[in-house]
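**Student:** Here it is, the structure, as structure tokens.
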Number of protein chains: 4
Amino acid sequence: MIVMKEEATEAEIGHVVERIEEVGCTAHLSEGELLTVIGAIGDRDRVASLGLEGAPGVDHLVPILKPYKLASAQFRKGERTVVEVDGRRLGGEHFGLIAGPCTVESREQTLEVAHAVNDAGAAMLRGGAYKPRTSPYAFQGLGVEGLRLLQEAKDQTGLPIVTEVMDVRDIPDVVEVADVAQVGARNMQNYTLLTELGRAGLPVLLKRGMQATIDEWLMAAEYIAQRGTLDIVLCERGIRTFETATRNTLDISAVPVAQAASHLPVIVDPSHASGRRDLIVPLSRAAIAVGADGIIVDVHPSPEDALCDGPQALVGHELRELAQAVRTLPPLLGRKSGVSEFGAPVRR
Amino acid sequence: MIVMKEEATEAEIGHVVERIEEVGCTAHLSEGELLTVIGAIGDRDRVASLGLEGAPGVDHLVPILKPYKLASAQFRKGERTVVEVDGRRLGGEHFGLIAGPCTVESREQTLEVAHAVNDAGAAMLRGGAYKPRTSPYAFQGLGVEGLRLLQEAKDQTGLPIVTEVMDVRDIPDVVEVADVAQVGARNMQNYTLLTELGRAGLPVLLKRGMQATIDEWLMAAEYIAQRGTLDIVLCERGIRTFETATRNTLDISAVPVAQAASHLPVIVDPSHASGRRDLIVPLSRAAIAVGADGIIVDVHPSPEDALCDGPQALVGHELRELAQAVRTLPPLLGRKSGVSEFGAPVRR
Amino acid sequence: MIVMKEEATEAEIGHVVERIEEVGCTAHLSEGELLTVIGAIGDRDRVASLGLEGAPGVDHLVPILKPYKLASAQFRKGERTVVEVDGRRLGGEHFGLIAGPCTVESREQTLEVAHAVNDAGAAMLRGGAYKPRTSPYAFQGLGVEGLRLLQEAKDQTGLPIVTEVMDVRDIPDVVEVADVAQVGARNMQNYTLLTELGRAGLPVLLKRGMQATIDEWLMAAEYIAQRGTLDIVLCERGIRTFETATRNTLDISAVPVAQAASHLPVIVDPSHASGRRDLIVPLSRAAIAVGADGIIVDVHPSPEDALCDGPQALVGHELRELAQAVRTLPPLLGRKSGVSEFGAPVRR
Amino acid sequence: MIVMKEEATEAEIGHVVERIEEVGCTAHLSEGELLTVIGAIGDRDRVASLGLEGAPGVDHLVPILKPYKLASAQFRKGERTVVEVDGRRLGGEHFGLIAGPCTVESREQTLEVAHAVNDAGAAMLRGGAYKPRTSPYAFQGLGVEGLRLLQEAKDQTGLPIVTEVMDVRDIPDVVEVADVAQVGARNMQNYTLLTELGRAGLPVLLKRGMQATIDEWLMAAEYIAQRGTLDIVLCERGIRTFETATRNTLDISAVPVAQAASHLPVIVDPSHASGRRDLIVPLSRAAIAVGADGIIVDVHPSPEDALCDGPQALVGHELRELAQAVRTLPPLLGRKSGVSEFGAPVRR
């Protein structure tokens, strides 16, 4: 939809129409009292190639169609995508809790937490072997050794593994251990990484960039989908605003908005959204109540010794409160939660 | 806490210390390897009057104490304020639904909605007689005639009235009808209005400005409290961010954050936060689940004819879904909801 | 422009068309491959009254026309408004420096600063008698006594006075002394105040709200204009963003954007935008270079004793640097600056 | 600086002190009337490893030291870094214009633009061979073929080449042609890329992420610096805010703020900041006037056919106006501009 300036001349209008027809679309004029609006009708990609912004007489362009296809709700005609890993399901009627340490630090910590979250009814174990850190002087993760510890935790608990990948060169190592590859918020528009993960084939958990609109988030999913992977879990983890009382501002509305726009499951990360341990349980409850398909939380046995993101990790009674919320709230909203499906935890 | 520049001289440090002592506070030096930090210890107002920002050698100031007193959680030593109007309670263990038309448009609409929300279990009726509108050409409300219609709705249903006041000169008229005076988001820092409402004596529902930090919101409450009114209900109604999928971004975390910082009840307005009718029920659920003390929603019998804010008004089955959420969720979180307390609606 | 959902039915489309015709507008259909877009053509206010957001089958609405008329560039057919006060002009080819203390504190300070800014080539004197303060415990200004001191400064220097008004009840007092009434950023959407100032007749300096879009700022100007005052000076003073290195983020682009959209002069307040004394001179230079019609800065003889906004006040060599920029840069951009027009300062 | 809660116990305070001493730092207590603040004095990295956020009794932490070292102004004791490429200098007293097409599209376009910008006095040629595009369906750049065309433009004009790199696997190809490697805004926190570019050795132009604070931007520079490359040019290109009149909001204050915090040169990209062709000249003037070390602009001979970012490209008279500004303004601010230094353009 091209909105012409009030003072646009006939020639300028004619030129826009010509350009639209040149790329194989149809032009559709609406002449109002004050100005003329021209619709460009035709193939989405052709419309996208018009390049009429800033052309003589053009005031501004209004995109009408969403720029994503494979990630759109229309693509599956209203059916919801259910991501299934080792019998654990996320999406549609399946609610799931993903929990674990922010960073894999040691064998003892990893196994202790893995068993705790399994007992709490988690559907999957999360844990970072490679960590994106704002400071080059901060601990960057154990790398391959961290992946090995996650493998051991998986062997002991049966929990599928979700872990972040930051570098395309690490994908082969990650694929060997991980069941779901996580793309962090800072890498949401790292198109190289998105493309290679789309090719790798395993499900992807795609965090929303802290500055990304919901449309841009879905475009990032489109990058992955376009290479063949439709098993994508969208994860809202807070956006950056002027408010400093929380580390980021959890955009709780993004959950129903993204669910309406896309067939992909949408989960919430209250730990990174708030950066405050005291908010994790209330925000988790809110996420379940708003209709999220899951939540992903940091759990740590001893927050003061955590090498990263200590303040938002959950311990003891908070994990119990959370497990209780995960057990009771989803069924009220017509969901099956991971807990009831998998029964007693596997312990070896 | 005054952080000095690395290159600050002894004389500059001495000058800061002198200034602190001049206003009657005590200076406390911490000399680090690279720089010196000076604490100013003493009466809050004296510390506030230091005016050392930008002084020679001073890098920046870090405020340590919160600038509000009467609105702070410490002021009531952890006890929660319960605002009570005609036997309806909000805050502490009492959850309440406030509902009604965005704008009072006609007798028929007002009474129809009043009975509908009463049936749905609302604790109070909201409705605007004076409307803040971005455009001077838009409908500005019925004024005194609107207040009269609200009075009639109150007579018929028994519901206390919440209505907005924008002009200090309207306070006498509003006080005659309203049980709770609402301060809109655009007027959150209209200090004249806050001060006069603080004097007027009736409870105040204070909406958060769409650009206001939580601290500034509590400072606005302090303006009211300082004139004698401690019956203040804080209302989160969305903040302005870069995301355009919703009209504003509901800052759901602000609920527990404000509840931790203040003794005042905190409610949520999902209608104005989202501007989307399809989000009101999920966001209301999220608000209850996060622990809000109430929600306030727009209800309109025929949204297409509403003179203002049509898109986010609730009708028919949505109001029923909402009533159901209000009935079932608060008790799960240990709350009494307005519904169970007031039983059958009064109908005349 | 009404964008229908992909799944909108014929009946829903028909209903929208009907509604458009009902309010006296013409409907214009564009049927694309995937969806239908309906243009509503007719009187601006009638289009505004459609209320179709959220109607069945409607996806979203795209406003095409700007909602302001009197403030729009079209209203004066490209001619620029020049605000003239006592022979001092602002707008069009006239650049002006407005300077003075943030707050009027004492006779000595006010007169000292008034003479200093007059010597520096200021076109007008600014100074606050009523101050909007975030904290109710902070100094709120001298009130009427402050106005009296401004009158004395005007008598001595011949500088017209710009001062803020916050309360409609103060307008009569302010009008007696002030040549330009200032609306502060927090009151940009205080419609009561805007309306009464539009009636009062004196020129208005309208600060942009820290959360206001440029369109909302122009709508606020429309409120004033609609009551008869077209002598409005728009003032960009920083918007609120996530960045905390400066108190607000100076939106320098807003100057040419507002100048393209409106015939009103646009000035910049670098003091409040940055909150940092070291940035005032560079930001003032940037404002002049971007084409602003003026700048307004805080000047204070002894920043450490200032009762408000001390850090961003200008003293000594900075005022000289600023005066130099005001003298040399505007002519490079084809402007007359206040300095060259008024020659030697008046001193009595 | 650890701020304890008002209700913190002696034991909790003792525990924090213990923890500080455990990591080899010194604890420094300030006991105020209401609360206690504990300073942790010692090595920056040790302080960073404390992990006390969320510990019992701890209210919040206030970082005092900036987290970057190599990028800080202190590191060079106030001296400015001058990045020199083929005799062209940027930083300190040297102002430079970097111009060229957003995307390298064809031989004809690239050479035509290269000669135009050379004639206009550009210090370097910019052009994208690899393009980060929000949509996977948009043109992604010519890749290696684009690099070859840039080489040809360099051979003909003598202009050093600035080009973006997105994928660590492309670094070897880019290094062969480029004189300066550009990191785009979306990759500002792609730590893998930053690290590998730091190792590659050529100068890096680091764009600020649209959501990044100035501190985070300097931390990203630190990642590069830490691997050995101190020739880094910081580039402000607009941040994301609520304002939609421009594509992003140019944070003009970031220029002097970053220059005060760091020894690195800071330039401005008005093209991407605004997304509007009509704003490039005024914003370029503002950037020069605020003291930027250079500007980088898009130039395109025929914007309507540009495959990407057409609207903000400069043509004809605008390039001449820009060249004029680059010629006249920097000397007023005591700078040498690229034009005067390199004299007549090389044309073959």
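Naming scheme: A, B, ... for chains in displayed order of the structure tokens; residues 1 onward per chain; ligands 1 onward as shown.
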Find the residues of chain C in contact range of chain B, meaning any atom within 9 Å when counting only C-alpha atoms, and list them as a compact mmCIF listing (two decimals) with N, CA and C atoms, in the first residue's frame.
**Tutor:**
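Now in iface_6.txt:
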# COMPACT_ATOMS: atom_id res chain seq x y z
N ASP C 45 -13.11 13.80 10.37
CA ASP C 45 -13.77 13.51 11.64
C ASP C 45 -14.75 12.36 11.51
N ALA C 48 -12.82 9.27 11.54
CA ALA C 48 -12.36 9.01 12.90
C ALA C 48 -13.45 8.38 13.76
N SER C 49 -14.71 8.60 13.39
CA SER C 49 -15.80 8.11 14.23
C SER C 49 -16.26 6.70 13.85
N LEU C 50 -15.54 6.03 12.94
CA LEU C 50 -15.99 4.72 12.46
C LEU C 50 -16.04 3.65 13.56
N GLY C 51 -15.01 3.64 14.40
CA GLY C 51 -15.00 2.66 15.49
C GLY C 51 -15.00 1.22 15.02
N LEU C 52 -14.27 0.94 13.94
CA LEU C 52 -14.31 -0.43 13.40
C LEU C 52 -13.22 -1.34 13.96
N GLU C 53 -12.34 -0.82 14.75
CA GLU C 53 -11.30 -1.67 15.33
C GLU C 53 -11.94 -2.79 16.12
N GLY C 54 -11.52 -3.99 15.88
CA GLY C 54 -12.04 -5.12 16.63
C GLY C 54 -13.37 -5.62 16.11
N ALA C 55 -13.90 -5.00 15.04
CA ALA C 55 -15.16 -5.50 14.47
C ALA C 55 -14.92 -6.86 13.82
N PRO C 67 -3.82 13.38 12.13
CA PRO C 67 -5.01 13.83 12.87
C PRO C 67 -5.02 15.31 13.21
N TYR C 68 -3.97 16.05 12.87
CA TYR C 68 -3.99 17.49 13.19
C TYR C 68 -4.15 18.29 11.91
N PRO C 132 7.65 21.81 38.38
CA PRO C 132 7.14 20.45 38.53
C PRO C 132 8.25 19.56 39.07
N ARG C 133 8.10 19.01 40.23
CA ARG C 133 9.16 18.20 40.84
C ARG C 133 8.67 16.80 41.10
N THR C 134 9.48 15.83 40.76
CA THR C 134 9.11 14.44 40.95
C THR C 134 8.79 14.15 42.42
N SER C 135 9.50 14.81 43.32
CA SER C 135 9.28 14.57 44.74
C SER C 135 8.50 15.70 45.40
N PRO C 136 7.49 15.33 46.22
CA PRO C 136 6.74 16.38 46.91
C PRO C 136 7.59 17.06 47.98
N TYR C 137 8.75 16.48 48.29
CA TYR C 137 9.60 17.05 49.32
C TYR C 137 10.61 18.05 48.73
N ALA C 138 10.68 18.12 47.39
CA ALA C 138 11.65 19.02 46.76
C ALA C 138 11.08 20.43 46.67
N MET C 166 1.79 25.48 35.48
CA MET C 166 1.39 24.10 35.73
C MET C 166 -0.07 23.97 36.10
N ASP C 167 -0.63 25.07 36.63
CA ASP C 167 -1.97 25.00 37.21
C ASP C 167 -2.82 26.07 36.52
N VAL C 168 -3.97 25.68 35.99
CA VAL C 168 -4.82 26.65 35.30
C VAL C 168 -5.14 27.85 36.19
N ARG C 186 5.89 17.07 31.41
CA ARG C 186 4.94 16.24 32.17
C ARG C 186 3.49 16.67 31.92
N ASN C 187 3.31 17.92 31.46
CA ASN C 187 1.96 18.43 31.24
C ASN C 187 1.57 18.47 29.77
N MET C 188 2.38 17.84 28.90
CA MET C 188 2.10 17.94 27.46
C MET C 188 0.72 17.40 27.13
N GLN C 189 0.23 16.47 27.93
CA GLN C 189 -1.12 15.96 27.67
C GLN C 189 -2.09 16.33 28.78
N ASN C 190 -1.81 17.44 29.46
CA ASN C 190 -2.75 18.00 30.42
C ASN C 190 -3.69 18.89 29.60
N TYR C 191 -4.76 18.28 29.12
CA TYR C 191 -5.60 18.96 28.12
C TYR C 191 -6.31 20.18 28.68
N THR C 192 -6.59 20.16 29.97
CA THR C 192 -7.19 21.31 30.62
C THR C 192 -6.27 22.52 30.49
N LEU C 193 -5.02 22.30 30.80
CA LEU C 193 -4.03 23.37 30.74
C LEU C 193 -3.84 23.86 29.31
N MET C 210 8.10 13.24 27.49
CA MET C 210 9.25 12.36 27.31
C MET C 210 8.83 11.01 26.73
N GLN C 211 7.53 10.79 26.68
CA GLN C 211 7.04 9.55 26.09
C GLN C 211 6.20 9.81 24.84
N ALA C 212 6.16 11.05 24.39
CA ALA C 212 5.21 11.40 23.33
C ALA C 212 5.82 11.22 21.93
N GLU C 216 1.78 12.92 18.55
CA GLU C 216 1.06 13.30 19.77
C GLU C 216 1.41 14.72 20.21
N MET C 219 -0.50 16.96 18.12
CA MET C 219 -1.90 16.96 18.57
C MET C 219 -2.07 17.84 19.79
N ALA C 220 -1.06 17.86 20.68
CA ALA C 220 -1.12 18.74 21.85
C ALA C 220 -1.11 20.19 21.38
N GLU C 222 -2.28 21.17 18.61
CA GLU C 222 -3.61 21.37 18.01
C GLU C 222 -4.62 21.79 19.08
N TYR C 223 -4.50 21.23 20.28
CA TYR C 223 -5.40 21.62 21.38
C TYR C 223 -5.30 23.11 21.66
N GLN C 226 -6.51 25.18 18.53
CA GLN C 226 -7.95 25.14 18.34
C GLN C 226 -8.69 26.20 19.15
N ARG C 240 12.34 9.36 26.56
CA ARG C 240 12.80 8.31 27.48
C ARG C 240 13.09 7.03 26.71
N THR C 241 14.29 6.53 26.88
CA THR C 241 14.68 5.27 26.23
C THR C 241 15.39 4.42 27.26
N ARG C 276 23.43 16.64 31.70
CA ARG C 276 24.89 16.67 31.91
C ARG C 276 25.45 17.99 31.38
N ARG C 277 26.13 18.68 32.26
CA ARG C 277 26.66 19.98 31.88
C ARG C 277 27.66 19.88 30.72
N ASP C 278 28.46 18.79 30.68
CA ASP C 278 29.48 18.68 29.62
C ASP C 278 28.88 18.46 28.24
N PRO C 303 26.41 26.36 40.24
CA PRO C 303 25.59 25.16 40.13
C PRO C 303 25.46 24.36 41.41
N GLU C 304 26.50 24.39 42.28
CA GLU C 304 26.40 23.55 43.47
C GLU C 304 25.34 24.02 44.45
N ASP C 305 24.96 25.29 44.36
CA ASP C 305 23.94 25.78 45.27
C ASP C 305 22.56 25.85 44.64
N ALA C 306 22.47 25.48 43.37
CA ALA C 306 21.17 25.56 42.70
C ALA C 306 20.20 24.65 43.43
N LEU C 307 18.97 25.10 43.55
CA LEU C 307 17.99 24.29 44.27
C LEU C 307 17.41 23.20 43.39
N CYS C 308 17.55 23.32 42.10
CA CYS C 308 17.06 22.24 41.24
C CYS C 308 17.87 22.14 39.97
N ASP C 309 17.99 20.93 39.47
CA ASP C 309 18.63 20.69 38.19
C ASP C 309 20.01 21.31 38.08
N GLY C 310 20.71 21.34 39.21
CA GLY C 310 22.05 21.92 39.21
C GLY C 310 22.96 21.36 38.13
N PRO C 311 23.03 20.04 37.99
CA PRO C 311 24.08 19.49 37.12
C PRO C 311 24.07 20.01 35.70
N GLN C 312 22.90 20.38 35.17
CA GLN C 312 22.97 20.77 33.76
C GLN C 312 23.05 22.27 33.51
**Student:** Show me, as a PyMOL selection string, the residues that have an atom within 8 Å of stretch 146-150 of chain B when counting only C-alpha atoms, minus same-chain residues fewer than 2 positions from it.
**Tutor:** chain B and resi 104-107+110+127-130+141-144+152-154+161+174+177
**Student:** Would you mind listing what lies within 12 Å of stretch 79-91 of chain C as a PyMOL selection string, with only C-alpha atoms counted and same-chain residues fewer than 5 positions away left out?
**Tutor:** chain C and resi 70-74+96-98+121-125+154+158-162+178-181+202-205+229-234+258-267+291-296+335-343
**Student:** Got a sec: who's within 6 Å of C:Val3, counting only C-alpha atoms, leaving out chain neighbours fewer than 6 positions off, as an MDAnalysis selection string?
**Tutor:** chainID C and resid 37 59:61
**Student:** Could you give me, as a PyMOL selection string, each residue of stretch 82-291 of chain A that DSSP assigns to helix (DSSP H, G or I) when run on this structure's backbone?
**Tutor:** chain A and resi 107-119+144-157+168-177+185-187+191-200+214-225+254-261+270-274+277-290
**Student:** Take the residues that were just selected and, keeping C-alpha atoms, output them as an mmCIF file, in the first residue's frame.
**Tutor:**
data_model
loop_
_atom_site.group_PDB
_atom_site.id
_atom_site.type_symbol
_atom_site.label_atom_id
_atom_site.label_comp_id
_atom_site.auth_asym_id
_atom_site.auth_seq_id
_atom_site.Cartn_x
_atom_site.Cartn_y
_atom_site.Cartn_z
ATOM 1 C CA ARG A 107 29.676 -32.499 37.508
ATOM 2 C CA GLU A 108 28.262 -32.301 41.012
ATOM 3 C CA GLN A 109 26.187 -29.169 40.362
ATOM 4 C CA THR A 110 24.854 -30.445 37.050
ATOM 5 C CA LEU A 111 23.745 -33.824 38.342
ATOM 6 C CA GLU A 112 22.273 -32.393 41.537
ATOM 7 C CA VAL A 113 20.196 -29.890 39.623
ATOM 8 C CA ALA A 114 19.200 -32.410 36.960
ATOM 9 C CA HIS A 115 17.731 -34.713 39.603
ATOM 10 C CA ALA A 116 16.018 -31.806 41.404
ATOM 11 C CA VAL A 117 14.288 -30.551 38.279
ATOM 12 C CA ASN A 118 13.356 -34.063 37.242
ATOM 13 C CA ASP A 119 11.722 -34.533 40.653
ATOM 14 C CA VAL A 144 32.772 -29.503 25.095
ATOM 15 C CA GLU A 145 33.353 -30.583 28.689
ATOM 16 C CA GLY A 146 30.008 -28.976 29.584
ATOM 17 C CA LEU A 147 28.295 -30.916 26.814
ATOM 18 C CA ARG A 148 29.743 -34.123 28.251
ATOM 19 C CA LEU A 149 28.285 -33.351 31.674
ATOM 20 C CA LEU A 150 24.891 -32.685 30.129
ATOM 21 C CA GLN A 151 25.091 -36.065 28.417
ATOM 22 C CA GLU A 152 25.720 -37.685 31.788
ATOM 23 C CA ALA A 153 22.747 -35.851 33.323
ATOM 24 C CA LYS A 154 20.592 -37.056 30.461
ATOM 25 C CA ASP A 155 21.778 -40.622 30.944
ATOM 26 C CA GLN A 156 20.883 -40.487 34.637
ATOM 27 C CA THR A 157 17.507 -38.730 34.405
ATOM 28 C CA VAL A 168 28.266 -22.303 13.729
ATOM 29 C CA ARG A 169 31.520 -24.204 14.178
ATOM 30 C CA ASP A 170 30.177 -25.734 17.406
ATOM 31 C CA ILE A 171 27.033 -27.160 15.794
ATOM 32 C CA PRO A 172 28.496 -30.653 15.153
ATOM 33 C CA ASP A 173 29.495 -31.028 18.825
ATOM 34 C CA VAL A 174 26.183 -29.701 20.074
ATOM 35 C CA VAL A 175 24.123 -31.908 17.801
ATOM 36 C CA GLU A 176 25.718 -35.005 19.328
ATOM 37 C CA VAL A 177 24.375 -34.229 22.801
ATOM 38 C CA ALA A 185 18.536 -13.361 22.525
ATOM 39 C CA ARG A 186 21.743 -11.675 21.345
ATOM 40 C CA ASN A 187 21.903 -14.046 18.382
ATOM 41 C CA TYR A 191 21.348 -15.119 10.270
ATOM 42 C CA THR A 192 24.338 -17.365 9.693
ATOM 43 C CA LEU A 193 23.548 -19.275 12.854
ATOM 44 C CA LEU A 194 19.819 -19.435 12.120
ATOM 45 C CA THR A 195 20.448 -20.784 8.637
ATOM 46 C CA GLU A 196 22.892 -23.467 9.767
ATOM 47 C CA LEU A 197 20.608 -24.583 12.601
ATOM 48 C CA GLY A 198 17.749 -24.789 10.131
ATOM 49 C CA ARG A 199 19.908 -27.225 8.182
ATOM 50 C CA ALA A 200 21.069 -29.180 11.226
ATOM 51 C CA ILE A 214 7.253 -9.895 17.472
ATOM 52 C CA ASP A 215 7.308 -9.693 13.674
ATOM 53 C CA GLU A 216 11.109 -9.730 13.606
ATOM 54 C CA TRP A 217 11.113 -12.704 15.970
ATOM 55 C CA LEU A 218 8.853 -14.601 13.595
ATOM 56 C CA MET A 219 11.068 -13.568 10.671
ATOM 57 C CA ALA A 220 14.011 -15.092 12.539
ATOM 58 C CA ALA A 221 11.955 -18.290 12.885
ATOM 59 C CA GLU A 222 11.293 -18.078 9.156
ATOM 60 C CA TYR A 223 15.062 -18.188 8.520
ATOM 61 C CA ILE A 224 15.229 -21.496 10.374
ATOM 62 C CA ALA A 225 12.020 -22.854 8.856
ATOM 63 C CA ALA A 254 3.750 -11.359 23.341
ATOM 64 C CA VAL A 255 2.639 -14.892 24.228
ATOM 65 C CA PRO A 256 -0.960 -14.668 22.956
ATOM 66 C CA VAL A 257 0.087 -12.295 20.162
ATOM 67 C CA ALA A 258 2.720 -14.700 18.815
ATOM 68 C CA GLN A 259 0.356 -17.656 19.278
ATOM 69 C CA ALA A 260 -2.253 -15.870 17.178
ATOM 70 C CA ALA A 261 0.249 -14.984 14.467
ATOM 71 C CA PRO A 270 10.964 -15.531 33.728
ATOM 72 C CA SER A 271 14.528 -15.859 35.022
ATOM 73 C CA HIS A 272 16.246 -13.794 32.357
ATOM 74 C CA ALA A 273 13.250 -11.501 31.871
ATOM 75 C CA SER A 274 13.375 -10.272 35.446
ATOM 76 C CA ARG A 277 14.803 -14.449 42.105
ATOM 77 C CA ASP A 278 11.727 -13.174 43.956
ATOM 78 C CA LEU A 279 9.828 -12.684 40.692
ATOM 79 C CA ILE A 280 10.339 -16.098 39.128
ATOM 80 C CA VAL A 281 7.413 -17.838 40.801
ATOM 81 C CA PRO A 282 4.839 -15.042 40.228
ATOM 82 C CA LEU A 283 5.971 -14.522 36.642
ATOM 83 C CA SER A 284 5.858 -18.267 35.989
ATOM 84 C CA ARG A 285 2.280 -18.317 37.246
ATOM 85 C CA ALA A 286 1.443 -15.395 34.989
ATOM 86 C CA ALA A 287 3.018 -17.135 32.012
ATOM 87 C CA ILE A 288 0.988 -20.282 32.588
ATOM 88 C CA ALA A 289 -2.191 -18.253 33.085
ATOM 89 C CA VAL A 290 -1.699 -16.238 29.925
#
**Student:** Please provide as number ranges by chain all residues within 9 Å of B:Ser30, with the sequence filter that same-chain residues fewer than 5 positions apart are discarded (counting only C-alpha atoms).
**Tutor:** B: 35-39; D: 28-30, 39, 41
**Student:** Since we have the selection now, will you write its residues out, keeping C-alpha atoms, as a PDB file, in the first residue's frame?
**Tutor:**
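The result, written out as part.pdb:
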ATOM      1  CA  LEU B  35      38.808   5.850  42.817  1.00  0.00           C
ATOM      2  CA  THR B  36      37.156   7.217  45.906  1.00  0.00           C
ATOM      3  CA  VAL B  37      33.512   6.843  46.870  1.00  0.00           C
ATOM      4  CA  ILE B  38      31.999   9.132  49.477  1.00  0.00           C
ATOM      5  CA  GLY B  39      28.871   8.206  51.397  1.00  0.00           C
TER       6      GLY B  39
ATOM      7  CA  HIS D  28      34.542  -1.460  53.568  1.00  0.00           C
ATOM      8  CA  LEU D  29      31.424  -0.835  55.686  1.00  0.00           C
ATOM      9  CA  SER D  30      29.307   2.347  55.712  1.00  0.00           C
ATOM     10  CA  GLY D  39      32.195  -1.523  49.396  1.00  0.00           C
ATOM     11  CA  ILE D  41      37.667  -2.984  47.041  1.00  0.00           C
TER      12      ILE D  41
END
**Student:** Any chance you could list, as a ChimeraX atom specification, the residues in stretch 119-261 of chain B that come up strand (DSSP E) when DSSP is run on the backbone?
**Tutor:** /B:124-126,161-164,180-183,204-207,232-236
**Student:** Quick check, in Å to one decimal: how far apart do atom CA of A:Arg126 and atom CA of A:Val299 lie?
**Tutor:** 9.3 Å
